[in-house]
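Participant: Encoded as structure tokens, here's the structure I'll be asking about.
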Amino acid sequence: MEVIQSFTIDHTCLKPGIYVSRIDRGFTTFDLRITEPNKEPAVAPSAMHSLEHLMATWFRNSEAKDDVVYVGPMGCLTGMYIIMTGKYTVEDMRRLTMECLEWILTQTEVPATTPETCGNYLLHDLPMCKWESARYLHRLQHEFHCEYNKLQVKLDDGKVFADA
């Protein structure tokens, strides 16, 4: 089996920022890395769930709404993936994400948190979501990172998988 591209990223030196995870078939997957993997705590599930609802709502109502394909959390809870069509750069996504985070900081409720609109409507934490949003916004403004460090992964058959 081929190694999944995201497993070739050296997570021991990955900093919070915005990265292009992959570009293929007209889609760009952005890695919005909120915390430093394996060094800082992951985002609490309830805060990440609220962040997902708020970011998805904002992006699907933004100037880029026609190009948004997906907004959702990483399984490791250290960031979000946003998949876009069109030609968006890391700087475009940085600007959009900062606008989104500023909007989140003004919100008094999380959208779609009823049993009818959410599969786990009790798993939300707006105050912690806003805390994580403020910290991430500060990082995007002051200590921006956008270049991955790649690993070389040896496959079972001895071949080396290294993504350029």
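By order in the structure tokens, chains are A, B, ...; within a chain, residues start at 1; ligands start at 1, following the order shown.
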Neighbours of segment 7-10 of chain A within 6 Å (only C-alpha atoms; same-chain residues fewer than 4 positions away dropped), as a list in words?
Facilitator: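 Once the nearby chain positions are removed, what remains is Asn149, Lys150 and Leu151 of chain A.
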Participant: DSSP says alpha helix (DSSP H) for which residues of chain A? Put them as an NGL selection string?
Facilitator: :A and (45-59 or 90-104 or 126-142)
Participant: Of the residues A:Thr28, A:Thr78, A:Thr57, A:Thr113, which is the one nearest to Pro41 of chain A, using only C-alpha atoms?
Facilitator: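 Smallest distance to Pro41 of chain A is found for A:Thr78.
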Participant: Could you please determine the separation between atom CA of Arg135 of chain A and atom CA of Cys118 of chain A in Å, to one decimal place?
Facilitator: 26.3 Å
Participant: So which one's closest to Arg95 of chain A, A:Ser50, A:Gly26, A:Leu140, A:Asn61? Using only C-alpha atoms, please.
Facilitator: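 Looking only at the distances to Arg95 of chain A, the closest residue turns out to be A:Leu140.
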Participant: My list of candidates is A:Cys76, A:Leu14, A:Met128, A:Ile82. Which is closest to Thr97 of chain A when distances are computed with only C-alpha atoms?
Facilitator: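 Smallest separation from Thr97 of chain A among the options: A:Ile82.
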Participant: Extract, using only C-alpha atoms, all DNA, RNA and protein residues at most 12 Å from Gln141 of chain A, discarding same-chain residues fewer than 2 positions from it, and format them as a VMD selection string.
Facilitator: chain A and resid 16 to 18 91 94 to 95 97 to 99 101 to 102 134 to 139 143 to 145
Participant: Counting only C-alpha atoms, figure out which residue out of A:Val69, A:Gly119, A:Leu77, A:Thr114 gets nearest to Ala44 of chain A.
Facilitator: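 Of A:Val69, A:Gly119, A:Leu77, A:Thr114, the one nearest Ala44 of chain A, counting only C-alpha atoms, is A:Leu77.
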Participant: Identify, with DSSP run on backbone atoms, the residues in chain A assigned to strand (DSSP E), and express the list as a PyMOL selection string.
Facilitator: chain A and resi 17-24+27-33+68-73+79-85+153-154+160-161
Participant: Could you name the residues that touch Val71 of chain A at 9 Å or less, counting only C-alpha atoms, but leaving out those on the same chain fewer than 5 positions away, as number ranges by chain?
Facilitator: A: 52-53, 55-56, 59, 80-83
Participant: At what distance in Å, to one decimal, does atom CA of Cys13 of chain A lie from atom CA of Glu40 of chain A?
Facilitator: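 We find that atom CA of Glu40 of chain A and atom CA of Cys13 of chain A lie 12.1 Å from each other.
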Participant: Go through A:Met74, A:Thr106, A:Gly79, A:Arg60 one by one, measure the shortest atom-to-atom distance of each to Lys15 of chain A using only C-alpha atoms, and give the residue with the smallest value.
Facilitator: A:Gly79
Participant: Please determine, counting only C-alpha atoms, which residue among A:Val90, A:Ala47, A:Leu123, A:Leu105 has the shortest atom-to-atom distance to Tyr19 of chain A.
Facilitator: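 Between A:Val90, A:Ala47, A:Leu123, A:Leu105, the residue approaching Tyr19 of chain A most closely is A:Val90.
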